[in-house]
Amino acid sequence: MTLILPTRRDLLATAGGGFGAVALAHLLTREGLADAPLPNPSWPLGGLHHPAKVRRVIQLFMNGGASPMDTFDFKPALEKHHGEALGPKEKPEGFTTPAGTVMKSPFPFARHGQTGRWVSTVFPHQAARVDRMAFLMAMKTTTNVHGPASYMMNTGFMLPGFPCLGAWVSYGLGRIVDDLPEFVVLPDPRGLPYNQKGNFSAGFLPAVHQGTVVDLGRSEPIPDVFAAEAYSFAQGDADRDALALIQRVNRRHAASRPHDTRLEARIAAGELAARMQLSAPTTFDLAGETPATRAAYGLNRKETADFGTRCLIARRLIERGTRFVQVWSGPQGAVDNWDNHGSIPNELPPIALSVDEPIGGLLDDLGQRGLLHDTLVIWTTEFGRTPFAQNNQGRDHNGGTFVTWLAGAGVKAGATYGQSDDLGYQTAAGTTTVHDLQATILHLLGIDHARLTFRTAGVDRRLTDVHGHVVRDVLA
Amino acid sequence: MISAVRARFLPSSSTLLDSAPLMTSGPSLAALFCSLRAWWRALAMGLLLIPIAVTDADETGDRALSADVEAATAKFHAQVEPILRRRCLSCHSHAARTIAGGLALDWRSGWQTGGGRGPAIVPGDADASLLVQAVRHSDTELAMPEEKLPDSEIAILEDWVRGGAVDPRVLEPEHAAADNAWWSLRPLIRPDVPGADPQKNPVDSFLEQALVRAGLPPVGEADRRSFIRRATFDLHGLPPTPAEVSAFEADLALGAHQRLIDRLLASPRYGERYARHWLDCIHFADSHGFEHDVFRPHAWPFRDWVIGALNDDIPWSRFVRAQLAADAFFPEDAAAVAALGFLGAGTYDHSAASTAPRSFENLDRDDMVTQVMSSLASTTANCARCHAHKFDPISQHDYYALQAVFAGVGKGDIGWDADNAVAAARQAWQRVALLATTSPETLLDDPQHVSLVADWESSGKHRAVWTTLMPATFTSASGTELKRLDDGSILSGGTAPERDVVTVTATGPLPLMTAIRLDVLTDDSLPQRGPGRGRNGNLHLSEFELRLFRRGLTEPERIEIARASADFDQQGWTIGHSLDGNPATAWGIDPQEGRPHYAVFVPAAAVTVGEGDVLSVVLSQTHGDMHLIGRGRLSVTGGDPDAAIALPPAAEEALALDAQGRSKPQQAALAAAVLGALAQRQLKTLPAPQKVYAAAATAVNERGVISIDPPREIRVLNRGDIEQPLEEVGPGALVAIPGLTARFGIAPGAPESARRAALADWLVHEHNPLTWRSIANRVWQWHFGRGLCDTPSDFGRMGAEPSHPELLDWLACEIRDSGSLQGNSLKRLHALICTSRAYRRASTWSPEVLAADPDNRLLARMSRQRLDAESFYDGVLLASGRLDDTVGGPAVAHFTQRPGAQLTPILDYDGFDWESPNAGRRSIYRVVWRGIPDPLFDALDFPDLGLLAPVRGFSSSALQALVLSNNRFVLHHARALARRAETAADTPAAQVGRMVQWTWQRDPTAEEEAEFVELAARHGLEPVARVLFNSDDFLFVD
């Protein structure tokens, strides 16, 4: 049976005839999807090609390449072969130095939860919640270099200029609410990740889909929501009167130029802007959060306060209708992130500590508020690290195998898919490529990754390039 | 015979592999149903199958077989092919653009490779063939087509398969058709202008013919004010001034429009506007992008070259040739070297270049190929990197031939000297310096070099005498415990900090100092015995500074260091980095830890050191990760500075032996040390060259000298995988253009630039229809907002077809043919288009026109356009009286900046002071930081320049509305516009009137005036200015 649904083009054609300007603005920003069917209104959580199980996403990104064998991927063989020269003789592409000898993890591992999952001591809070997560234990990427690998994880390509996951989702599904940005990025206040804002770019999609960067370290988390105080003529009544006149002038301009949907979209955007001015400040104001909530996110400890605050903001955003939030741990650079070349025992514990309790708090809070029924949480990084030592106690980049976990809506809690080889150097079974992960996330959102396309430079581009398979083993 | 088989086998097998379904990076249908595992199986089968298939069916050398094959072929055409065509090809062919399940049945390789389930036919075995199973409907999952074939047809197919499935369709379908039928590849022949009216603008003759055919009456002419606003924004990216508007409105004489357009084209503002169009097409920006988004201080000369070339209206062929190979074509025009910045326009992955060089170079060449073919030929050659192009006649062989054109270039700054003698000297000494680091033994091939080394040795210059500098004070900025040892060295102890800056002072032991030496020494207390404190014993000396406190003075003199040498340089971390002022680069000694090293620093002039004067040496070690000097000692010499060269152990060994007793490596090490230092000194004496960030056989970037000489060997890569190289390819281009030589046959040993020159010649050849159609279409797009072909960088089958093919061809011929009306001149073409009736039409939309032609492809009316980011920005500056029309020069930063964690700085666009010098420069002169874009420009759809951006998008969002109303640039200039109005007029009504004129280029209506005056009365003029900058009257051009 084939459902005949109106397409966006049909609606655009009738745009002049009373079709809501706000809805119209949405359609315009999704240019290129003109011939795609509209989501079926009977699907409770939406979806583009099939009913969605997930309506919103929080992605936690461990910048720098989180070590699998020191966190979630227990490798007893490393103990056995510690100190042996088992690595490649030639320096592989993307290693920063030739491989050192095999290095065991400096951290003890123990089994946790009903599932008996091995987790090291650096993640006690996540360990206590492993039964709620599904683990992809054999993730693989295509490069060992931060820039391309970060692009790969975010955009499905190793090169700049492609839209990221959040932008594709925004393009494919549109907004949940009108008064908050659809896709928000919360970078580490210590600095942007590798590729700077390239990781949050809309690429060749309309610019409206790019990630809105919210920098909590600044007085205005979203730039330009309000005029800076130095411009007194843009405050208070003067602001209100000017904005009202802008709308009036633009309405008159549009009225004398009928049938131009762009002009109507501009007026709609002005209305949305006013609503965003009302909703944005309350979203970032944590005053209403209880002491218990604040404590659960680690806001009372210096080490966890920053990441905890951003996790809490992430919850507040999705609660209010932002669809996709990305929370970054660690800036680019040699320190304060997951790129632990120098010393796993010295560098990993502090960064792990900074995220662990907040992540636990986030999962609990989302659960208690009933948000997990339609919210997906994903824990990702751009690649793993070598089982071979670098600089005695550090580990080098390794795209051969790494770990991602998923939790929340549509996820089979406690599931495991894939495993790495004995040393944790390459995947051994059940490999999940970056495109597979992306396809799986889109699938949960009700999108067939192969059919979410945008024509540019002669190619129907998609997030997953020409690859990607949904990993059904981790889906509920 | 064997070689003949091989010769046929290789290309055929590679073509097969290229087209295996999952290798596509293009449209996805082919890949939908294939698993990776299935693909591997297909690959393995393909490898095994092909030689058999080729020798069985294709080797016509075997005469006995030949007759059978002929008969089978005839039978195929008569019986089998019609069934396939009728029943299968609508879902399984290139022509249908649908290769369902990855299975193509329109050529032999298609079914041999098969789709997700593997090969579709097993020749000779009908029952085992998936295709037969499918048509029999014997497997419910594989019942094809839906409506079962008549038994007779099934029988024909079975019979064909049993007989060996002879299939003569060996060429890829796209190639087989030669594809001349596709519009963009058809030879470019000048069409006749329709109608016989010589007075009529030919542009209108073509357009009106189509309008008449469609029965669509064009709308009337735009009023004068709308027209001058349109033309000035189009050609200058600026609004006209009120005076210009009045003058044009008053010019009622014949030819007013022509005069206006001529005036606009003669202004330098034209090049500033149109340059950005081109820079978008080629993703030009001022920084690298990627992880280390490093600024390129010398990108701008290329931008200035483009502006100049457009203003000078050079022929397009010269524009193309200069950008690809100015060094080969125009050696007499030194300044044309700046045009090579074209090749450096794209991104640069600094990190991958260091740690993953092979994949980096592959992708870097890919970026150049993509850019050249997209921007200049509107062709997506890059789609053939992993497999033959799915839709256009471009093989992987073609693609890698294009890569081979760029196999000898690296990216970085290249210099040029106006003076030929200087140029020659620089080239010679640069070569010596390069050989000294890359290939020391080659230095010995030149007798002149050998005698220079001998002279140096016989003059006794190697016997520099060093006097230890006994430290008087020594301090660590990070609180490191420093201890002076008896030999004058300083040993670091305690917990090592991440970074440190150590300052050592001493009174001068010699009255004259010509060089200073830093020894880094081993010690048992250091990791791996040092000499550094890094875990592996390495150190990184970021900067070396020498200061002299004259007796009694508190401010030191800074002593300029002219050159430095070290006995050993870590790869990429050479001693020169300690003098480059860049804290991110340094001297290192890895992997030669565990033994002492030294470096020698030579001041630009000998330093007199009086009694009581104090030398101060600052050793910055700010790389981090404890890359610190563990034990160091300073010493000085007053002898001949030419003697002050750090010699590697092999050179020291050489000096200890008779000349005859030296091994070649020893001789080479000595020559490298001596000549390397000499080259450094000689190069210092030459005047500084001008630089442009480009690509060339030798270029310099922050990683050092990038030299790819000889060019890399380029091979076809199976699936685009660098680990799966196939046959080697020489420089070339696309086979599909008739009449052009697609393989350039560059002689071995020819200069690298010959490759680029050959590609430029191929592109601008009069028989290459793509290049001329490409630029003609872009010119049209830049005027009307849309090309005649809607996909300006893709004229292939996935792109659009032109709305007016004859007009496009006529325009293309005008640019190509020097005997044409326009005679290669872009400006004359602009003038022709901008004076056409089509360009002069109003942008009114009547419901009839909208209904008949909603996309306005027939141009019965003008398309309304929103200002792009630059036009908005420059328009605000001009309206508020703040536009600085200075032309050219280094890019200006409209942000503040501070160091980031690594090489990428932290930019703050909001922190910029809009009253500072250069604040009013036009947008074309601003720094475009690829990875950290300006939020204002972002909001107005400035493209992400990680990729080519031939078309600007349109978006409208709440955030855009907020940025336009609250961004500091807008508010600051709202204030400036208000001040300007206050100076220009006295009454509120007059002030408001002027502000409206400056932004909207018209007078306000009575209603508008009343509203604005009322707003001004309540809150001042600034809010009025803010409204004007946010109004669609300003943002849109009718």
# chains A, B, ... in the order shown; residues from 1 in each chain; ligands from 1
>>> residues_around(residues="Leu299 of chain A", least_positions_apart="6", cutoff="12 Å", atoms="only C-alpha atoms", output="mmCIF file with C-alpha atoms, in the first residue's frame")
data_model
loop_
_atom_site.group_PDB
_atom_site.id
_atom_site.type_symbol
_atom_site.label_atom_id
_atom_site.label_comp_id
_atom_site.auth_asym_id
_atom_site.auth_seq_id
_atom_site.Cartn_x
_atom_site.Cartn_y
_atom_site.Cartn_z
ATOM 1 C CA LEU A 286 20.187 27.212 36.540
ATOM 2 C CA GLU A 289 17.535 23.591 39.768
ATOM 3 C CA THR A 290 17.406 21.894 43.157
ATOM 4 C CA PRO A 291 20.524 21.376 45.262
ATOM 5 C CA ALA A 292 20.082 17.628 44.797
ATOM 6 C CA THR A 293 20.101 17.984 41.009
ATOM 7 C CA ALA A 305 31.451 21.558 37.774
ATOM 8 C CA ASP A 306 32.105 22.617 34.188
ATOM 9 C CA PHE A 307 31.120 19.443 32.364
ATOM 10 C CA GLY A 308 28.283 18.950 34.837
ATOM 11 C CA THR A 309 26.931 22.410 34.119
ATOM 12 C CA ARG A 310 26.999 21.757 30.416
ATOM 13 C CA CYS A 311 25.262 18.387 30.844
ATOM 14 C CA LEU A 312 22.599 20.113 32.892
ATOM 15 C CA ILE A 313 22.198 22.800 30.237
ATOM 16 C CA SER A 354 35.676 15.593 34.979
ATOM 17 C CA VAL A 355 32.987 13.824 32.926
ATOM 18 C CA GLU A 357 29.864 11.939 37.622
ATOM 19 C CA PRO A 358 28.115 14.462 35.353
ATOM 20 C CA ILE A 359 27.327 11.683 32.864
ATOM 21 C CA GLY A 361 23.856 12.518 36.853
ATOM 22 C CA LEU A 362 22.605 13.228 33.360
#
>>> residues_around(residues="Asp790 of chain B", least_positions_apart="3", cutoff="12 Å", atoms="only C-alpha atoms", output="JSON, numbers by chain")
{"A": [455, 456, 457, 458], "B": [378, 774, 777, 778, 780, 781, 782, 784, 785, 786, 787, 793, 794, 795, 796, 798, 799, 800, 801, 802, 803, 804, 805, 808, 855, 856, 857, 950, 951]}
>>> write_last_selection(atoms="C-alpha atoms", output="mmCIF file, in the first residue's frame")
data_model
loop_
_atom_site.group_PDB
_atom_site.id
_atom_site.type_symbol
_atom_site.label_atom_id
_atom_site.label_comp_id
_atom_site.auth_asym_id
_atom_site.auth_seq_id
_atom_site.Cartn_x
_atom_site.Cartn_y
_atom_site.Cartn_z
ATOM 1 C CA ARG A 455 22.360 17.489 -4.169
ATOM 2 C CA THR A 456 25.554 19.478 -4.361
ATOM 3 C CA ALA A 457 28.263 19.700 -7.001
ATOM 4 C CA GLY A 458 26.679 16.948 -9.018
ATOM 5 C CA SER B 378 32.368 22.339 -14.452
ATOM 6 C CA SER B 774 31.714 26.916 -17.765
ATOM 7 C CA ASN B 777 27.499 30.124 -17.500
ATOM 8 C CA ARG B 778 29.210 31.587 -14.427
ATOM 9 C CA TRP B 780 25.401 34.651 -16.425
ATOM 10 C CA GLN B 781 24.915 33.302 -12.915
ATOM 11 C CA TRP B 782 26.763 36.233 -11.376
ATOM 12 C CA PHE B 784 21.068 36.830 -12.725
ATOM 13 C CA GLY B 785 21.701 34.856 -9.545
ATOM 14 C CA ARG B 786 21.351 31.600 -11.417
ATOM 15 C CA GLY B 787 23.228 30.102 -14.329
ATOM 16 C CA SER B 793 30.195 23.381 -11.304
ATOM 17 C CA ASP B 794 28.596 20.242 -12.707
ATOM 18 C CA PHE B 795 27.714 19.975 -16.362
ATOM 19 C CA GLY B 796 27.516 16.188 -16.100
ATOM 20 C CA MET B 798 23.818 14.565 -12.472
ATOM 21 C CA GLY B 799 23.782 18.273 -13.137
ATOM 22 C CA ALA B 800 21.080 20.283 -14.774
ATOM 23 C CA GLU B 801 20.576 20.935 -18.449
ATOM 24 C CA PRO B 802 20.738 24.530 -19.609
ATOM 25 C CA SER B 803 17.525 26.467 -20.044
ATOM 26 C CA HIS B 804 18.870 28.160 -23.182
ATOM 27 C CA PRO B 805 21.574 25.929 -24.673
ATOM 28 C CA LEU B 808 24.963 29.523 -23.540
ATOM 29 C CA ASP B 855 11.368 29.122 -11.412
ATOM 30 C CA ASN B 856 11.810 32.077 -13.766
ATOM 31 C CA ARG B 857 13.883 29.998 -16.138
ATOM 32 C CA PRO B 950 30.012 27.926 -6.610
ATOM 33 C CA VAL B 951 26.566 28.974 -5.392
#
>>> residues_around(residues="Ala127 of chain A", least_positions_apart="3", cutoff="12 Å", atoms="only C-alpha atoms", output="NGL selection string")
:A and (71-72 or 109-124 or 130-133 or 356-357 or 359-360 or 414)
>>> write_last_selection(atoms="N, CA and C atoms", output="short mmCIF file (atom, residue, chain, number, x, y, z; two decimals), in the first residue's frame")
data_model
loop_
_atom_site.label_atom_id
_atom_site.label_comp_id
_atom_site.auth_asym_id
_atom_site.auth_seq_id
_atom_site.Cartn_x
_atom_site.Cartn_y
_atom_site.Cartn_z
N THR A 71 39.47 2.10 29.81
CA THR A 71 38.17 2.51 30.30
C THR A 71 37.16 1.36 30.26
N PHE A 72 36.70 1.02 29.02
CA PHE A 72 35.63 0.04 28.89
C PHE A 72 36.06 -1.27 28.25
N PHE A 109 40.43 -3.19 36.64
CA PHE A 109 39.09 -3.35 36.09
C PHE A 109 38.26 -4.23 37.02
N ALA A 110 36.96 -4.01 37.02
CA ALA A 110 36.07 -4.91 37.75
C ALA A 110 34.78 -5.04 36.96
N ARG A 111 34.03 -6.10 37.27
CA ARG A 111 32.74 -6.32 36.60
C ARG A 111 31.66 -5.51 37.30
N HIS A 112 30.71 -5.04 36.50
CA HIS A 112 29.67 -4.19 37.07
C HIS A 112 28.30 -4.58 36.53
N GLY A 113 27.29 -4.35 37.37
CA GLY A 113 25.90 -4.49 36.94
C GLY A 113 25.50 -5.92 36.68
N GLN A 114 24.23 -6.06 36.29
CA GLN A 114 23.69 -7.36 35.92
C GLN A 114 24.43 -7.95 34.74
N THR A 115 24.86 -7.08 33.89
CA THR A 115 25.53 -7.55 32.68
C THR A 115 26.97 -7.94 32.94
N GLY A 116 27.48 -7.61 34.10
CA GLY A 116 28.84 -7.99 34.44
C GLY A 116 29.89 -7.35 33.55
N ARG A 117 29.61 -6.15 33.14
CA ARG A 117 30.53 -5.49 32.21
C ARG A 117 31.79 -5.01 32.92
N TRP A 118 32.93 -5.23 32.26
CA TRP A 118 34.21 -4.76 32.81
C TRP A 118 34.34 -3.26 32.59
N VAL A 119 34.63 -2.55 33.66
CA VAL A 119 34.91 -1.12 33.54
C VAL A 119 36.07 -0.81 34.47
N SER A 120 36.94 0.08 34.05
CA SER A 120 38.09 0.40 34.91
C SER A 120 37.67 1.40 35.98
N THR A 121 38.57 1.62 36.90
CA THR A 121 38.27 2.49 38.03
C THR A 121 38.16 3.96 37.66
N VAL A 122 38.49 4.33 36.41
CA VAL A 122 38.39 5.76 36.08
C VAL A 122 36.94 6.19 35.88
N PHE A 123 36.03 5.23 35.70
CA PHE A 123 34.63 5.58 35.43
C PHE A 123 33.67 4.94 36.45
N PRO A 124 33.80 5.24 37.73
CA PRO A 124 32.91 4.57 38.69
C PRO A 124 31.43 4.89 38.46
N VAL A 130 26.04 0.76 33.75
CA VAL A 130 26.30 0.06 32.48
C VAL A 130 25.11 -0.72 31.99
N ASP A 131 24.24 -1.14 32.90
CA ASP A 131 23.09 -1.93 32.45
C ASP A 131 22.12 -1.11 31.61
N ARG A 132 22.25 0.21 31.69
CA ARG A 132 21.36 1.07 30.89
C ARG A 132 21.94 1.38 29.51
N MET A 133 23.19 0.97 29.32
CA MET A 133 23.85 1.36 28.07
C MET A 133 23.97 0.17 27.12
N ASP A 356 32.79 11.91 34.42
CA ASP A 356 32.12 10.68 34.85
C ASP A 356 30.87 10.94 35.69
N GLU A 357 31.03 11.69 36.77
CA GLU A 357 29.86 11.94 37.62
C GLU A 357 28.78 12.72 36.88
N ILE A 359 28.03 12.59 33.77
CA ILE A 359 27.33 11.68 32.86
C ILE A 359 26.34 10.83 33.65
N GLY A 360 26.80 10.34 34.80
CA GLY A 360 25.89 9.57 35.65
C GLY A 360 24.68 10.39 36.05
N GLY A 414 21.99 -2.75 28.00
CA GLY A 414 22.83 -3.89 28.37
C GLY A 414 23.40 -4.65 27.20
#
>>> residues_around(residues="segment 823-836 of chain B", least_positions_apart="2", cutoff="8 Å", atoms="only C-alpha atoms", output="list in words")
Asn201, Val203, Asp204, Ala231, His257, Gln258, Ile261, Asp262, Leu265, Asp313, Ile314, Pro315, Trp316, Val779, Trp780, His783, Leu811, Glu814, Ile815, Arg816, Asp817, Ser818, Gly819, Ser820, Leu821, Ala838, Tyr839 and Arg840 of chain B
>>> select_by_dssp(residues="segment 185-370 of chain A", states="strand (DSSP E or B)", output="list in words")
Val185, Leu186, Thr212, Val213, Phe324, Val325, Gln326, Val327, Trp328, Ser329 and Ser343 of chain A
>>> write_last_selection(atoms="N, CA and C atoms", output="PDB file, in the first residue's frame")
ATOM      1  N   VAL A 185      25.604  23.396  20.280  1.00  0.00           N
ATOM      2  CA  VAL A 185      26.895  22.814  20.605  1.00  0.00           C
ATOM      3  C   VAL A 185      27.420  23.499  21.861  1.00  0.00           C
ATOM      4  N   LEU A 186      27.846  22.688  22.826  1.00  0.00           N
ATOM      5  CA  LEU A 186      28.418  23.225  24.061  1.00  0.00           C
ATOM      6  C   LEU A 186      29.878  22.817  24.114  1.00  0.00           C
ATOM      7  N   THR A 212      24.515  25.911  16.717  1.00  0.00           N
ATOM      8  CA  THR A 212      24.618  27.175  17.431  1.00  0.00           C
ATOM      9  C   THR A 212      25.564  26.941  18.602  1.00  0.00           C
ATOM     10  N   VAL A 213      26.689  27.626  18.583  1.00  0.00           N
ATOM     11  CA  VAL A 213      27.690  27.408  19.608  1.00  0.00           C
ATOM     12  C   VAL A 213      27.332  28.235  20.836  1.00  0.00           C
ATOM     13  N   PHE A 324      18.946  18.553  19.124  1.00  0.00           N
ATOM     14  CA  PHE A 324      20.261  17.895  19.115  1.00  0.00           C
ATOM     15  C   PHE A 324      21.255  18.752  19.893  1.00  0.00           C
ATOM     16  N   VAL A 325      21.855  18.175  20.915  1.00  0.00           N
ATOM     17  CA  VAL A 325      22.846  18.910  21.711  1.00  0.00           C
ATOM     18  C   VAL A 325      24.133  18.099  21.744  1.00  0.00           C
ATOM     19  N   GLN A 326      25.214  18.784  21.490  1.00  0.00           N
ATOM     20  CA  GLN A 326      26.520  18.146  21.538  1.00  0.00           C
ATOM     21  C   GLN A 326      27.304  18.766  22.686  1.00  0.00           C
ATOM     22  N   VAL A 327      27.818  17.927  23.591  1.00  0.00           N
ATOM     23  CA  VAL A 327      28.613  18.419  24.712  1.00  0.00           C
ATOM     24  C   VAL A 327      30.033  17.894  24.541  1.00  0.00           C
ATOM     25  N   TRP A 328      30.979  18.800  24.479  1.00  0.00           N
ATOM     26  CA  TRP A 328      32.369  18.415  24.222  1.00  0.00           C
ATOM     27  C   TRP A 328      33.168  18.380  25.517  1.00  0.00           C
ATOM     28  N   SER A 329      33.992  17.355  25.630  1.00  0.00           N
ATOM     29  CA  SER A 329      34.937  17.297  26.738  1.00  0.00           C
ATOM     30  C   SER A 329      36.333  17.471  26.181  1.00  0.00           C
ATOM     31  N   SER A 343      51.122  10.360  29.164  1.00  0.00           N
ATOM     32  CA  SER A 343      51.048   9.470  30.298  1.00  0.00           C
ATOM     33  C   SER A 343      49.599   9.133  30.584  1.00  0.00           C
TER      34      SER A 343
END
>>> closest_atom_pairs(of="chain A", to="chain B", cutoff="7 Å", atoms="only C-alpha atoms", output="CSV")
residue,atom,partner,partner_atom,distance
A:Thr29,CA,B:Ser955,CA,5.9
A:Glu93,CA,B:Ala356,CA,4.2
A:Gly94,CA,B:Ala356,CA,4.4
A:Phe95,CA,B:Thr355,CA,6.1
A:Thr96,CA,B:Thr355,CA,5.6
A:Val145,CA,B:Ala352,CA,6.0
A:His146,CA,B:Glu291,CA,6.7
A:Gly147,CA,B:Glu291,CA,4.5
A:Pro160,CA,B:Gly946,CA,4.4
A:Gly161,CA,B:Gly946,CA,4.1
A:Tyr194,CA,B:Glu291,CA,4.5
A:Asn195,CA,B:Glu291,CA,4.4
A:Gln196,CA,B:Gly931,CA,5.4
A:Lys197,CA,B:Gly931,CA,5.5
A:Gly198,CA,B:Gly931,CA,5.3
A:Gly203,CA,B:Asp944,CA,5.7
A:Pro206,CA,B:Ser955,CA,5.9
A:Ala207,CA,B:Asp941,CA,5.7
A:Val208,CA,B:Ser955,CA,6.1
A:Asp224,CA,B:Asn966,CA,5.1
A:Val225,CA,B:Leu962,CA,5.6
A:Phe226,CA,B:Asn966,CA,5.9
A:Ala227,CA,B:Asn966,CA,4.5
A:Tyr231,CA,B:Leu971,CA,6.9
A:Phe233,CA,B:Pro1023,CA,6.1
A:Ala234,CA,B:Pro1023,CA,6.9
A:Ala238,CA,B:His1019,CA,5.7
A:Ala242,CA,B:Pro1023,CA,5.7
A:Leu245,CA,B:Val1027,CA,6.9
A:Ile246,CA,B:Val1027,CA,5.3
A:Val249,CA,B:Ser1031,CA,6.7
A:Asn250,CA,B:Asp1032,CA,5.7
A:His253,CA,B:Asp1033,CA,6.7
A:Ala265,CA,B:Ser956,CA,6.2
A:Arg266,CA,B:Ser956,CA,5.8
A:Ala269,CA,B:Ala958,CA,4.5
A:Gly270,CA,B:Ala961,CA,5.7
A:Leu272,CA,B:Ala958,CA,5.2
A:Ala273,CA,B:Ala958,CA,4.3
A:Gln332,CA,B:Ala901,CA,6.8
A:Gly333,CA,B:Ala901,CA,5.0
A:Asn391,CA,B:Arg535,CA,5.6
A:Asn392,CA,B:Arg535,CA,6.9
A:Ala450,CA,B:Ser28,CA,6.9
A:Ala457,CA,B:Asp794,CA,5.7
A:Gly458,CA,B:Met798,CA,5.1
A:Val459,CA,B:Gly26,CA,5.7
A:Asp460,CA,B:Pro27,CA,5.3
A:Asp465,CA,B:Ser25,CA,6.3
A:Val466,CA,B:Ser28,CA,5.5
>>> atom_distance(atom1="atom CA of Pro193 of chain A", atom2="atom CA of Pro331 of chain A")
4.7 Å
>>> select_by_dssp(residues="segment 128-279 of chain B", states="alpha helix (DSSP H)", output="ChimeraX atom specification")
/B:130-136,151-162,173-176,202-214,224-236,242-250,256-266,268-279
>>> closest_residue(among="A:Phe388, A:Tyr151, A:Phe200, A:Phe135", to="Val474 of chain A", atoms="only C-alpha atoms")
A:Phe135
>>> residues_around(residues="segment 599-616 of chain B", least_positions_apart="2", cutoff="8 Å", atoms="only C-alpha atoms", output="ChimeraX atom specification")
/B:503-508,510-519,546-551,559-567,575,597,618,641,644-646
>>> residues_around(residues="Pro76 of chain A", least_positions_apart="5", cutoff="9 Å", atoms="only C-alpha atoms", output="compact mmCIF listing (two decimals) with N, CA and C atoms, in the first residue's frame")
# COMPACT_ATOMS: atom_id res chain seq x y z
N LYS A 104 50.27 -2.46 29.53
CA LYS A 104 49.04 -2.83 30.21
C LYS A 104 48.37 -1.56 30.77
N ASP A 422 42.79 -9.33 20.82
CA ASP A 422 43.26 -9.56 22.18
C ASP A 422 43.98 -8.36 22.79
N LEU A 423 44.72 -7.66 21.93
CA LEU A 423 45.47 -6.52 22.46
C LEU A 423 44.63 -5.24 22.46
>>> residues_around(residues="Tyr270 of chain B", least_positions_apart="5", cutoff="9 Å", atoms="only C-alpha atoms", output="count of residues only")
10
>>> atom_distance(atom1="atom CA of Ala654 of chain B", atom2="atom CA of Gln667 of chain B")
6.3 Å
>>> atom_distance(atom1="atom CA of His77 of chain B", atom2="atom CA of Asp167 of chain B")
8.8 Å
>>> closest_residue(among="A:Leu371, A:Met103, A:Ala52, A:Leu263", to="Ile318 of chain A", atoms="only C-alpha atoms")
A:Leu371
>>> closest_residue(among="A:Ala228, A:Val377, A:Met137, A:Ala295", to="Gly430 of chain A", atoms="only C-alpha atoms")
A:Met137
